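Below is the file work.cif, which contains mmCIF, C-alpha atoms and all ligand atoms.
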data_structure
#
loop_
_atom_site.label_atom_id
_atom_site.label_comp_id
_atom_site.auth_asym_id
_atom_site.auth_seq_id
_atom_site.Cartn_x
_atom_site.Cartn_y
_atom_site.Cartn_z
CA MET A 1 -164.10 29.90 148.02
CA PRO A 2 -167.05 27.82 146.94
CA ALA A 3 -167.25 27.15 143.23
CA PRO A 4 -170.65 28.35 142.08
CA MET A 5 -171.97 29.11 138.60
CA SER A 6 -169.94 31.05 136.11
CA PRO A 7 -171.76 34.23 135.08
CA ALA A 8 -171.14 35.98 131.78
CA ARG A 9 -168.64 38.84 131.94
CA SER A 10 -171.49 41.33 131.55
CA THR A 11 -172.90 40.30 134.94
CA LEU A 12 -169.58 40.81 136.73
CA PRO A 13 -169.05 44.00 138.75
CA GLU A 14 -167.31 46.86 136.95
CA PRO A 15 -163.76 47.42 138.25
CA SER A 16 -162.71 50.97 139.11
CA PRO A 17 -160.57 52.91 136.58
CA ASP A 18 -157.56 52.47 138.90
CA ALA A 19 -158.12 48.74 139.08
CA ARG A 20 -158.42 48.53 135.29
CA ALA A 21 -155.18 50.51 134.90
CA HIS A 22 -153.46 48.12 137.33
CA SER A 23 -154.73 45.13 135.37
CA GLU A 24 -153.41 46.68 132.16
CA ARG A 25 -149.93 46.86 133.77
CA VAL A 26 -150.22 43.19 134.77
CA ALA A 27 -151.36 42.30 131.23
CA GLU A 28 -148.41 44.21 129.77
CA HIS A 29 -146.05 42.24 131.99
CA ILE A 30 -147.63 38.94 130.88
CA ARG A 31 -147.54 40.00 127.21
CA ALA A 32 -143.81 40.66 127.61
CA GLY A 33 -143.43 37.19 129.16
CA ILE A 34 -145.25 35.62 126.21
CA ALA A 35 -143.09 37.52 123.73
CA ALA A 36 -139.89 36.52 125.56
CA ALA A 37 -141.00 32.86 125.44
CA GLY A 38 -141.50 32.99 121.66
CA GLY A 39 -145.25 33.67 121.54
CA TRP A 40 -146.72 31.06 123.88
CA ILE A 41 -146.60 30.21 127.60
CA GLY A 42 -148.11 27.30 129.50
CA PHE A 43 -151.11 28.16 131.63
CA ASP A 44 -149.05 27.46 134.75
CA ARG A 45 -146.72 30.31 133.80
CA TYR A 46 -149.70 32.58 133.04
CA MET A 47 -151.20 31.76 136.46
CA GLU A 48 -147.88 32.37 138.19
CA LEU A 49 -147.54 35.79 136.59
CA ALA A 50 -151.19 36.79 137.11
CA LEU A 51 -151.10 35.82 140.79
CA TYR A 52 -147.51 36.34 141.92
CA ALA A 53 -145.56 38.69 139.58
CA PRO A 54 -143.72 40.94 142.05
CA GLY A 55 -145.68 44.13 142.78
CA LEU A 56 -148.27 43.25 140.13
CA GLY A 57 -149.89 39.84 140.62
CA TYR A 58 -153.16 39.34 142.45
CA TYR A 59 -151.46 38.09 145.63
CA ALA A 60 -148.37 40.25 145.27
CA ALA A 61 -150.04 43.66 144.95
CA GLY A 62 -152.35 45.63 147.22
CA ALA A 63 -155.84 44.34 146.35
CA ARG A 64 -157.95 43.65 149.43
CA LYS A 65 -158.84 40.06 148.40
CA PHE A 66 -160.15 38.64 151.69
CA GLY A 67 -163.50 39.64 153.19
CA ASP A 68 -167.05 40.45 152.21
CA ALA A 69 -167.96 41.97 148.87
CA GLY A 70 -169.25 45.15 150.52
CA ALA A 71 -165.78 45.75 151.93
CA GLY A 72 -164.12 45.19 148.55
CA GLY A 73 -163.14 41.56 149.14
CA ASP A 74 -163.27 38.81 146.54
CA PHE A 75 -163.70 35.70 148.71
CA VAL A 76 -163.86 34.53 152.30
CA THR A 77 -161.80 31.69 153.75
CA ALA A 78 -162.60 29.62 156.85
CA PRO A 79 -160.27 31.51 159.25
CA GLU A 80 -161.87 34.78 158.09
CA ILE A 81 -165.36 33.49 158.88
CA SER A 82 -164.75 32.92 162.58
CA PRO A 83 -162.06 32.18 165.20
CA LEU A 84 -164.01 28.96 165.79
CA PHE A 85 -162.07 27.45 162.90
CA ALA A 86 -158.75 28.11 164.64
CA GLN A 87 -160.14 26.93 167.97
CA ALA A 88 -161.24 23.60 166.47
CA LEU A 89 -157.92 23.21 164.66
CA ALA A 90 -156.13 23.86 167.96
CA THR A 91 -157.85 20.78 169.41
CA GLN A 92 -156.11 18.71 166.74
CA LEU A 93 -152.77 20.52 166.89
CA ALA A 94 -152.46 20.33 170.69
CA PRO A 95 -151.69 16.58 170.90
CA VAL A 96 -149.41 16.77 167.84
CA LEU A 97 -147.39 19.58 169.43
CA ALA A 98 -147.31 17.77 172.76
CA ALA A 99 -145.94 14.64 171.05
CA THR A 100 -143.37 16.46 168.92
CA ALA A 101 -142.29 20.05 169.66
CA PRO A 102 -144.22 23.26 170.45
CA ARG A 103 -143.57 24.64 167.00
CA VAL A 104 -146.05 25.55 164.24
CA ALA A 105 -145.38 26.43 160.60
CA GLU A 106 -148.05 27.96 158.40
CA PHE A 107 -147.83 28.27 154.63
CA GLY A 108 -149.72 31.10 152.89
CA ALA A 109 -151.10 32.85 155.96
CA GLY A 110 -153.33 35.35 154.12
CA THR A 111 -154.34 38.18 156.45
CA GLY A 112 -152.70 36.41 159.42
CA ARG A 113 -155.96 35.74 161.24
CA LEU A 114 -155.46 32.00 161.53
CA ALA A 115 -152.01 32.52 163.04
CA ARG A 116 -153.32 35.08 165.52
CA ASP A 117 -156.36 33.03 166.53
CA LEU A 118 -154.47 29.73 166.71
CA LEU A 119 -151.85 31.15 169.04
CA VAL A 120 -154.61 32.39 171.36
CA ALA A 121 -156.48 29.07 171.17
CA LEU A 122 -153.32 27.04 171.91
CA ASP A 123 -152.47 29.36 174.84
CA VAL A 124 -155.96 28.74 176.23
CA ARG A 125 -155.29 24.98 176.03
CA GLY A 126 -152.06 25.42 177.95
CA ILE A 127 -149.81 24.63 174.98
CA ALA A 128 -146.85 27.01 175.20
CA VAL A 129 -146.01 27.44 171.52
CA GLU A 130 -142.38 28.49 171.23
CA SER A 131 -142.33 29.49 167.60
CA TYR A 132 -144.83 30.09 164.83
CA GLU A 133 -143.17 30.33 161.44
CA ILE A 134 -144.97 31.75 158.42
CA VAL A 135 -143.87 30.99 154.87
CA GLU A 136 -145.63 33.57 152.71
CA LEU A 137 -144.96 34.21 149.03
CA SER A 138 -146.57 37.62 148.95
CA PRO A 139 -144.60 40.58 150.38
CA ASP A 140 -147.86 42.57 150.55
CA LEU A 141 -149.57 39.90 152.66
CA ARG A 142 -146.49 39.54 154.82
CA GLU A 143 -146.81 43.20 155.74
CA ARG A 144 -150.49 42.78 156.53
CA GLN A 145 -149.69 39.76 158.69
CA ARG A 146 -147.02 41.74 160.57
CA ALA A 147 -149.52 44.53 161.20
CA LEU A 148 -152.17 42.14 162.55
CA ILE A 149 -150.10 39.80 164.72
CA ALA A 150 -148.35 41.36 167.67
CA ASP A 151 -146.68 38.21 168.99
CA ARG A 152 -142.95 37.73 169.42
CA ARG A 153 -143.20 34.02 168.70
CA VAL A 154 -144.10 34.69 165.06
CA ARG A 155 -141.40 34.98 162.43
CA TRP A 156 -141.40 34.95 158.68
CA LEU A 157 -139.31 32.62 156.55
CA ASP A 158 -138.36 32.97 152.89
CA ALA A 159 -138.31 29.21 152.36
CA PRO A 160 -139.70 26.12 154.10
CA PRO A 161 -138.11 25.51 157.51
CA ARG A 162 -135.30 22.95 157.63
CA HIS A 163 -135.46 19.78 159.67
CA PHE A 164 -138.87 20.78 161.05
CA THR A 165 -140.48 19.17 164.08
CA GLY A 166 -144.01 20.21 165.02
CA ALA A 167 -147.28 20.92 163.17
CA ILE A 168 -147.76 22.48 159.75
CA ILE A 169 -150.85 24.09 158.25
CA ALA A 170 -151.69 25.11 154.70
CA ASN A 171 -155.27 26.39 154.39
CA GLU A 172 -156.36 27.18 150.84
CA VAL A 173 -152.80 27.34 149.58
CA LEU A 174 -152.56 24.32 147.28
CA ASP A 175 -155.53 25.57 145.24
CA VAL A 176 -153.70 28.76 144.25
CA MET A 177 -150.55 26.99 143.08
CA PRO A 178 -150.10 27.13 139.28
CA VAL A 179 -151.65 24.29 137.29
CA ARG A 180 -151.02 22.97 133.78
CA LEU A 181 -154.02 22.57 131.49
CA PHE A 182 -154.48 19.66 129.12
CA VAL A 183 -156.92 18.69 126.41
CA ARG A 184 -157.44 15.09 125.33
CA GLY A 185 -157.21 14.84 121.53
CA ASN A 186 -158.03 11.82 119.39
CA ASP A 187 -154.55 10.32 119.36
CA ALA A 188 -152.55 12.71 121.48
CA VAL A 189 -152.67 14.95 124.52
CA PHE A 190 -152.31 18.72 124.12
CA GLU A 191 -151.25 21.40 126.54
CA ARG A 192 -153.48 24.44 126.70
CA GLY A 193 -151.39 27.56 127.00
CA VAL A 194 -151.76 31.28 126.42
CA ALA A 195 -150.77 33.25 123.32
CA LEU A 196 -151.71 36.63 121.88
CA ARG A 197 -154.32 37.12 119.20
CA ASP A 198 -154.60 40.75 117.99
CA GLY A 199 -152.91 41.76 121.25
CA ALA A 200 -155.46 39.94 123.42
CA PHE A 201 -154.83 36.78 125.46
CA ALA A 202 -156.14 33.64 123.80
CA TYR A 203 -155.86 29.94 124.55
CA GLU A 204 -153.71 27.95 122.16
CA ASN A 205 -152.98 24.22 122.29
CA ARG A 206 -149.58 22.61 121.72
CA PRO A 207 -148.55 18.95 121.86
CA ALA A 208 -148.03 18.02 125.51
CA ASP A 209 -144.41 17.60 126.64
CA PRO A 210 -143.39 14.26 128.20
CA VAL A 211 -144.05 15.44 131.77
CA LEU A 212 -147.63 16.51 131.10
CA ALA A 213 -148.29 13.54 128.81
CA ALA A 214 -147.09 11.19 131.59
CA ALA A 215 -149.36 12.88 134.15
CA VAL A 216 -152.39 12.43 131.86
CA ALA A 217 -151.36 8.84 131.06
CA ALA A 218 -151.29 8.09 134.80
CA ILE A 219 -154.86 9.39 135.14
CA GLU A 220 -156.01 7.29 132.18
CA ASN A 221 -154.21 4.21 133.51
CA GLU A 222 -156.27 4.51 136.62
CA LEU A 223 -159.63 5.62 135.22
CA GLY A 224 -159.62 4.46 131.61
CA PRO A 225 -159.42 6.70 128.50
CA LEU A 226 -160.78 10.21 128.87
CA PRO A 227 -163.23 11.34 126.20
CA THR A 228 -161.87 13.24 123.18
CA GLY A 229 -162.10 16.96 123.83
CA TYR A 230 -161.94 16.45 127.60
CA GLY A 231 -160.08 19.30 129.26
CA SER A 232 -158.80 19.61 132.79
CA GLU A 233 -155.73 20.56 134.77
CA VAL A 234 -152.96 18.86 136.73
CA GLY A 235 -151.42 20.43 139.80
CA LEU A 236 -147.78 19.52 139.34
CA THR A 237 -146.56 22.49 141.44
CA ALA A 238 -148.66 21.36 144.40
CA ARG A 239 -147.31 17.81 144.03
CA GLY A 240 -143.76 19.17 144.02
CA TRP A 241 -144.54 21.16 147.15
CA MET A 242 -145.87 18.07 148.89
CA ARG A 243 -142.84 16.02 147.81
CA SER A 244 -140.52 18.69 149.16
CA ALA A 245 -142.22 18.36 152.57
CA GLY A 246 -140.60 14.92 152.73
CA ASP A 247 -137.20 16.67 152.77
CA TRP A 248 -137.87 19.21 155.51
CA LEU A 249 -140.50 17.55 157.73
CA HIS A 250 -138.43 15.63 160.27
CA ARG A 251 -141.21 14.72 162.72
CA GLY A 252 -144.75 15.99 162.90
CA ALA A 253 -148.01 16.35 160.99
CA LEU A 254 -148.95 18.53 158.04
CA PHE A 255 -152.59 19.53 157.52
CA ALA A 256 -153.52 20.57 153.97
CA ILE A 257 -157.04 22.01 153.91
CA ASP A 258 -158.53 22.84 150.55
CA TYR A 259 -161.24 22.49 147.94
CA GLY A 260 -160.78 19.19 146.14
CA PHE A 261 -161.46 15.50 145.80
CA PRO A 262 -159.79 12.16 144.96
CA THR A 263 -158.54 11.46 141.40
CA ARG A 264 -161.59 9.39 140.51
CA GLU A 265 -163.96 12.25 141.25
CA TYR A 266 -161.65 14.97 139.92
CA TYR A 267 -161.36 13.46 136.47
CA HIS A 268 -164.89 12.14 136.28
CA PRO A 269 -165.78 11.82 132.56
CA GLN A 270 -168.57 14.35 133.02
CA ARG A 271 -166.30 17.04 134.48
CA ILE A 272 -165.19 17.93 130.97
CA MET A 273 -163.86 21.42 131.72
CA GLY A 274 -161.86 20.85 134.87
CA THR A 275 -162.21 22.92 138.02
CA LEU A 276 -160.46 26.18 137.15
CA MET A 277 -162.33 29.03 138.80
CA CYS A 278 -161.78 32.75 139.29
CA HIS A 279 -163.16 35.05 141.97
CA PHE A 280 -163.83 38.74 141.67
CA ARG A 281 -165.89 40.49 144.34
CA HIS A 282 -167.63 37.27 145.32
CA HIS A 283 -168.58 36.49 141.74
CA ALA A 284 -167.18 33.21 140.46
CA HIS A 285 -166.36 32.93 136.78
CA ALA A 286 -164.28 30.66 134.59
CA ASP A 287 -162.25 33.13 132.51
CA PRO A 288 -158.75 33.60 133.96
CA LEU A 289 -157.72 35.63 130.93
CA TRP A 290 -160.12 38.41 131.97
CA LEU A 291 -158.47 41.34 133.79
CA PRO A 292 -155.37 39.53 135.13
CA GLY A 293 -154.24 40.80 138.50
CA LEU A 294 -157.78 41.57 139.67
CA ASN A 295 -159.03 38.00 139.94
CA ASP A 296 -158.07 35.14 142.15
CA ILE A 297 -157.45 32.01 140.06
CA THR A 298 -157.90 28.62 141.69
CA ALA A 299 -158.09 24.95 140.77
CA HIS A 300 -159.31 22.17 143.02
CA VAL A 301 -156.77 19.83 144.57
CA ASP A 302 -156.38 16.20 143.50
CA PHE A 303 -156.00 14.75 146.99
CA SER A 304 -155.09 11.27 145.71
CA ALA A 305 -152.13 12.83 143.90
CA MET A 306 -151.23 14.76 147.07
CA ALA A 307 -151.33 11.58 149.18
CA GLN A 308 -149.23 9.76 146.56
CA ALA A 309 -146.69 12.61 146.49
CA ALA A 310 -146.47 12.48 150.29
CA HIS A 311 -146.05 8.71 150.21
CA ASP A 312 -143.33 8.97 147.53
CA ALA A 313 -141.53 11.43 149.80
CA GLY A 314 -141.53 8.97 152.69
CA LEU A 315 -144.43 10.54 154.62
CA ASP A 316 -147.38 8.63 156.10
CA VAL A 317 -150.97 9.52 155.26
CA LEU A 318 -152.59 10.15 158.65
CA GLY A 319 -156.16 10.98 157.65
CA TYR A 320 -158.45 12.45 155.01
CA SER A 321 -161.96 13.73 155.50
CA ASN A 322 -164.25 16.57 154.59
CA GLN A 323 -164.06 19.79 156.58
CA ALA A 324 -167.38 19.19 158.33
CA HIS A 325 -166.35 15.82 159.76
CA PHE A 326 -162.91 17.12 160.68
CA LEU A 327 -164.22 20.18 162.54
CA ILE A 328 -166.96 18.23 164.29
CA SER A 329 -164.41 15.61 165.36
CA CYS A 330 -162.36 18.52 166.72
CA GLY A 331 -165.30 19.62 168.89
CA LEU A 332 -166.66 22.52 166.84
CA LEU A 333 -170.25 21.94 167.97
CA ASP A 334 -169.24 22.10 171.64
CA LEU A 335 -167.34 25.31 170.97
CA VAL A 336 -170.41 26.83 169.33
CA GLN A 337 -172.62 25.79 172.22
CA ARG A 338 -170.20 27.26 174.73
CA GLU A 339 -170.19 30.54 172.85
CA GLY A 340 -173.96 30.50 172.58
CA SER A 341 -174.26 33.41 170.15
CA PRO A 342 -176.22 33.63 166.86
CA GLN A 343 -172.94 34.72 165.19
CA ALA A 344 -171.21 31.51 166.28
CA ALA A 345 -174.15 29.42 165.06
CA SER A 346 -174.17 31.12 161.67
CA ALA A 347 -170.37 30.79 161.30
CA ALA A 348 -170.62 27.08 162.10
CA GLN A 349 -173.32 26.73 159.47
CA ARG A 350 -170.98 28.22 156.84
CA LEU A 351 -168.07 26.02 157.90
CA LEU A 352 -170.07 22.81 158.10
CA SER A 353 -172.89 23.01 155.58
CA GLU A 354 -172.66 20.77 152.52
CA ALA A 355 -173.74 23.65 150.32
CA GLU A 356 -170.85 25.85 151.53
CA MET A 357 -167.52 24.53 152.83
CA GLY A 358 -168.45 21.40 154.77
CA GLU A 359 -168.22 18.90 151.92
CA LEU A 360 -166.26 20.67 149.16
CA VAL A 361 -163.31 21.43 151.43
CA LYS A 362 -161.22 18.46 152.52
CA VAL A 363 -158.52 17.97 155.13
CA LEU A 364 -155.53 15.77 154.35
CA ALA A 365 -153.04 15.04 157.12
CA VAL A 366 -149.64 13.54 156.35
CA GLY A 367 -146.61 13.22 158.56
CA ARG A 368 -143.67 11.37 159.96
CA GLY A 369 -143.18 9.79 163.38
CA ILE A 370 -146.81 10.45 164.34
CA GLU A 371 -149.18 7.77 165.54
CA ALA A 372 -152.54 7.64 163.79
CA PRO A 373 -155.44 7.88 164.43
CA LEU A 374 -155.59 11.62 164.89
CA ALA A 375 -158.59 13.04 166.75
CA GLY A 376 -159.76 15.10 163.74
CA PHE A 377 -160.42 11.92 161.76
CA ALA A 378 -162.34 10.10 164.48
CA ARG A 379 -165.44 10.19 162.31
CA GLY A 380 -165.70 10.22 158.54
CA ASP A 381 -162.11 9.26 157.67
CA ARG A 382 -162.07 8.68 153.92
CA THR A 383 -158.43 7.75 153.44
CA HIS A 384 -159.59 4.57 151.68
CA THR A 385 -161.11 6.71 148.87
CA LEU A 386 -157.78 8.28 147.88
C1 LIG B 401 -156.32 31.85 149.20
S1 LIG B 401 -155.08 32.53 150.18
C2 LIG B 401 -155.39 31.71 151.74
C3 LIG B 401 -154.87 32.49 152.90
C4 LIG B 401 -155.10 31.89 154.29
N1 LIG B 401 -154.44 30.61 154.45
C5 LIG B 401 -156.56 31.77 154.58
O1 LIG B 401 -157.06 30.66 154.68
O2 LIG B 401 -157.22 32.80 154.71
C6 LIG B 401 -153.59 31.80 149.59
C7 LIG B 401 -152.34 32.21 150.34
O3 LIG B 401 -151.26 31.36 149.94
C8 LIG B 401 -150.11 32.15 149.62
N2 LIG B 401 -149.27 31.29 148.79
C9 LIG B 401 -149.50 30.82 147.55
N3 LIG B 401 -148.53 29.97 147.15
C10 LIG B 401 -147.66 29.86 148.19
C11 LIG B 401 -146.46 29.13 148.41
N4 LIG B 401 -145.94 28.34 147.47
N5 LIG B 401 -145.83 29.28 149.58
C12 LIG B 401 -146.35 30.08 150.55
N6 LIG B 401 -147.47 30.81 150.39
C13 LIG B 401 -148.12 30.70 149.23
C14 LIG B 401 -150.74 33.39 149.03
O4 LIG B 401 -149.87 34.47 148.97
C15 LIG B 401 -151.87 33.61 150.07
O5 LIG B 401 -151.40 34.14 151.27
#
Show me this structure written as structure tokens.
Amino acid sequence: MPAPMSPARSTLPEPSPDARAHSERVAEHIRAGIAAAGGWIGFDRYMELALYAPGLGYYAAGARKFGDAGAGGDFVTAPEISPLFAQALATQLAPVLAATAPRVAEFGAGTGRLARDLLVALDVRGIAVESYEIVELSPDLRERQRALIADRRVRWLDAPPRHFTGAIIANEVLDVMPVRLFVRGNDAVFERGVALRDGAFAYENRPADPVLAAAVAAIENELGPLPTGYGSEVGLTARGWMRSAGDWLHRGALFAIDYGFPTREYYHPQRIMGTLMCHFRHHAHADPLWLPGLNDITAHVDFSAMAQAAHDAGLDVLGYSNQAHFLISCGLLDLVQREGSPQAASAAQRLLSEAEMGELVKVLAVGRGIEAPLAGFARGDRTHTL
């Protein structure tokens, strides 16, 4: 999901009447949530409802989501572009599995393509994976994954595995976890939440609670005061997720692959409106209050915060680089050459090019009981920038 320009609503594609009716049901559900909370909810709650409300939210209902615009998709992720992504990742997972246990866990498996392609790629490398566990929030996507993957080794879990040994993957999962929005005022920090104005969703600021104020203070301690009026987001849910990995990851490596950058770049004084971005039929826009339930809502990942959360949870940081360096270190160019097709070359271009995913997407590896360096960070390791 690259983050291009934000067009005006009038340039966005017109949703079908059915889609509009679905969005109205989602909006009704969120309005009820706002009323129940006394007239205002934090943006994190809005995002949670718009994306994950059972049977209604963008990820929880039947929208196609993944794939090209012509086929009704809203965005394309790396595993959807080509099996080359899984094949390269397998090069990195193979030694981790050999050193720990032949067990993989994937969070947020989308259509299931990465799981399917990874199992094939690991089989080809002679790694006999014994179990592949998927932790998926969306019941709708779970069903799609079940329909795509005919492999007895795959099972679905309702919660993170316990006492896990092996390799873990989360591709484009942290960027769809709910974020809290803040605005820097003159003397105080405010939380940007969602209220109703004449029945329509509208942003409304409230004084930040101690948790949000502390998160913003930590950013300012590191980078200096943010300018008045500066708005951005903090991914406290993603940090909590990373911290929880410290409880269940017994031995192994976790690869978080996502759009993002270190704190210093994330909260650059010129990035005055944060990184919140929505996707509808391959159009990116910055208005998450528009037609909830029909749009994906994402925010970039603060990888310094993720590394800190991992460290706090007793995990080691094993490597951090952009996707291009990671995939090339994992032998992607050799794989493309071996395949020798124009399709493979064009897929590699999308995965590696700076203008597409190569630079914007990063790979962070953390773990326990694993010896660095990992092959995927042989070139371009930027851990020192976190
Ligand atoms: C943008 S999609 C990426 C899907 C897939 N990894 C890919 O790269 O194509 C985000 C996925 O994460 C899932 N998800 C979001 N939050 C999650 C969580 N806390 N635990 C597990 N899955 C989650 C969504 O339901 C969806 O499957």
Could you check which of A:Pro139, A:Pro15, A:Pro102, A:Gly33 is closest to ligand LIG 401 (chain B), using all atoms listed in the file?
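For ligand LIG 401 (chain B), the nearest of the candidates is A:Pro139.
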Pick the closest to ligand LIG 401 (chain B) from A:Gly39, A:Gly240, A:Gly224, A:Pro210: which is it, counting all atoms listed in the file?
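Counting all atoms listed in the file, the residue closest to ligand LIG 401 (chain B) is A:Gly240.
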I'd like to know which of A:Ala32, A:Val124, A:Ala27, A:Ala238 is closest to ligand LIG 401 (chain B), using all atoms listed in the file.
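Residue with the minimum atom-to-atom distance to ligand LIG 401 (chain B): A:Ala238.
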Select from chain A every residue with an atom at most 9 Å from any atom of ligand LIG 401 (chain B), then for each give the shortest pair of atoms and their distance in Å to one decimal, using all atoms listed in the file, rows by chain and rising number, as a Markdown table.
| residue | atom | partner | partner_atom | distance |
| --- | --- | --- | --- | --- |
| A:Met1 | CA | B:LIG401 | C1 | 8.1 |
| A:Leu51 | CA | B:LIG401 | O4 | 8.4 |
| A:Tyr52 | CA | B:LIG401 | O4 | 7.7 |
| A:Tyr58 | CA | B:LIG401 | O4 | 8.8 |
| A:Tyr59 | CA | B:LIG401 | O4 | 5.2 |
| A:Ala60 | CA | B:LIG401 | O4 | 7.0 |
| A:Lys65 | CA | B:LIG401 | S1 | 8.6 |
| A:Phe66 | CA | B:LIG401 | O2 | 7.2 |
| A:Phe75 | CA | B:LIG401 | C1 | 8.3 |
| A:Val76 | CA | B:LIG401 | O2 | 7.3 |
| A:Thr77 | CA | B:LIG401 | O2 | 4.8 |
| A:Ala78 | CA | B:LIG401 | O1 | 6.0 |
| A:Pro79 | CA | B:LIG401 | O2 | 5.6 |
| A:Glu80 | CA | B:LIG401 | O2 | 6.1 |
| A:Glu106 | CA | B:LIG401 | N1 | 8.0 |
| A:Phe107 | CA | B:LIG401 | C12 | 4.7 |
| A:Gly108 | CA | B:LIG401 | O3 | 3.3 |
| A:Ala109 | CA | B:LIG401 | N1 | 4.3 |
| A:Gly110 | CA | B:LIG401 | C3 | 3.5 |
| A:Thr111 | CA | B:LIG401 | O2 | 6.3 |
| A:Gly112 | CA | B:LIG401 | C4 | 7.2 |
| A:Arg113 | CA | B:LIG401 | O2 | 7.3 |
| A:Leu114 | CA | B:LIG401 | C5 | 7.0 |
| A:Ile134 | CA | B:LIG401 | C12 | 8.2 |
| A:Val135 | CA | B:LIG401 | C12 | 5.1 |
| A:Glu136 | CA | B:LIG401 | N6 | 4.0 |
| A:Leu137 | CA | B:LIG401 | N6 | 4.4 |
| A:Ser138 | CA | B:LIG401 | O4 | 4.6 |
| A:Pro139 | CA | B:LIG401 | O4 | 8.2 |
| A:Asp140 | CA | B:LIG401 | O4 | 8.5 |
| A:Leu141 | CA | B:LIG401 | O5 | 6.2 |
| A:Arg142 | CA | B:LIG401 | O5 | 8.1 |
| A:Asp158 | CA | B:LIG401 | C12 | 8.8 |
| A:Ala159 | CA | B:LIG401 | N5 | 8.0 |
| A:Pro160 | CA | B:LIG401 | N5 | 8.2 |
| A:Ile169 | CA | B:LIG401 | N1 | 8.4 |
| A:Ala170 | CA | B:LIG401 | N1 | 6.2 |
| A:Asn171 | CA | B:LIG401 | N1 | 4.3 |
| A:Glu172 | CA | B:LIG401 | C2 | 4.7 |
| A:Val173 | CA | B:LIG401 | O3 | 4.3 |
| A:Leu174 | CA | B:LIG401 | N3 | 6.9 |
| A:Asp175 | CA | B:LIG401 | C1 | 7.5 |
| A:Val176 | CA | B:LIG401 | C9 | 5.7 |
| A:Met177 | CA | B:LIG401 | N3 | 5.4 |
| A:Pro178 | CA | B:LIG401 | N3 | 8.5 |
| A:Thr237 | CA | B:LIG401 | N4 | 8.4 |
| A:Ala238 | CA | B:LIG401 | N4 | 8.1 |
| A:Trp241 | CA | B:LIG401 | N4 | 7.3 |
| A:Ile257 | CA | B:LIG401 | O1 | 8.7 |
| A:Asp258 | CA | B:LIG401 | O1 | 9.0 |
| A:Asp296 | CA | B:LIG401 | C1 | 8.0 |
| A:Thr298 | CA | B:LIG401 | C1 | 8.3 |
Can you build me a table of region 32-120 of chain A residues sitting at most 12 Å from region 373-376 of chain A, with the closest atom pair per residue and its distance in Å to one decimal, using only C-alpha atoms, sorted by chain and residue number, as CSV?
residue,atom,partner,partner_atom,distance
A:Ala88,CA,A:Gly376,CA,9.0
A:Leu89,CA,A:Gly376,CA,8.4
A:Ala90,CA,A:Gly376,CA,10.4
A:Thr91,CA,A:Ala375,CA,8.2
A:Gln92,CA,A:Gly376,CA,5.9
A:Leu93,CA,A:Gly376,CA,9.4
A:Ala94,CA,A:Ala375,CA,10.3
A:Pro95,CA,A:Leu374,CA,8.7
A:Val96,CA,A:Leu374,CA,8.6
A:Ala99,CA,A:Leu374,CA,11.8
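Proximity ranking of A:Ile81, A:Ser346, A:Asn295, A:Cys330 relative to Ser23 (chain A) places A:Asn295 first, based on all atoms listed in the file.
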Interatomic distance (Å, one decimal) between CA of Phe164 (chain A) and CA of Leu249 (chain A):
4.9 Å
Report as a PDB file with C-alpha atoms, in the frame of the given file all protein, DNA and RNA residues lying within 6 Å of Gly42 (chain A), evaluated on only C-alpha atoms, omitting residues in the same chain fewer than 2 positions from it.
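Wrote it out as part-v8.pdb, contents follow:
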ATOM      1  CA  ASP A  44    -149.050  27.460 134.750  1.00  0.00           C
ATOM      2  CA  ARG A  45    -146.720  30.310 133.800  1.00  0.00           C
ATOM      3  CA  GLY A 193    -151.390  27.560 127.000  1.00  0.00           C
TER       4      GLY A 193
END
Quick one: residues within 12 Å of Pro269 (chain A), all atoms listed in the file, excluding same-chain residues fewer than 4 positions away - as a ChimeraX atom specification?
/A:184,219-220,223-232,263-265,273-274
Please compute the CA of Thr383 (chain A)-CA of Val366 (chain A) distance, one decimal, in Å.
10.9 Å
Of A:Ala105, A:Gln145, A:Leu333, A:His163, the one nearest to Leu84 (chain A) when counting all atoms listed in the file is A:Leu333
Name all residues at most 8 Å from Ser321 (chain A) (count all atoms listed in the file; drop same-chain ones fewer than 4 positions away) and give them as a ChimeraX atom specification.
/A:325-326,362-364,377,380-383
d(CA of Leu212 (chain A), CA of His268 (chain A)) in Å:
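These two atoms are separated by 18.5 Å.
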With distances taken over only C-alpha atoms, the candidate from A:Glu24, A:Ser244, A:Asp117, A:His282 nearest Asp68 (chain A) is A:His282
Env of Glu371 (chain A): 10 Å cut, atoms = all atoms listed in the file, seq-sep filter 4 positions within chain, self excluded. Answer as a VMD selection string.
chain A and resid 96 99 252 to 253 316 318 367
Return the padded bounding box of region 98-113 of chain A as JSON: axis-aligned, built from all atoms listed in the file, 5 Å added on each side, with centre and edge lengths in Å to one decimal.
{"center_x": -149.1, "center_y": 26.4, "center_z": 162.8, "size_x": 23.7, "size_y": 33.5, "size_z": 29.9}
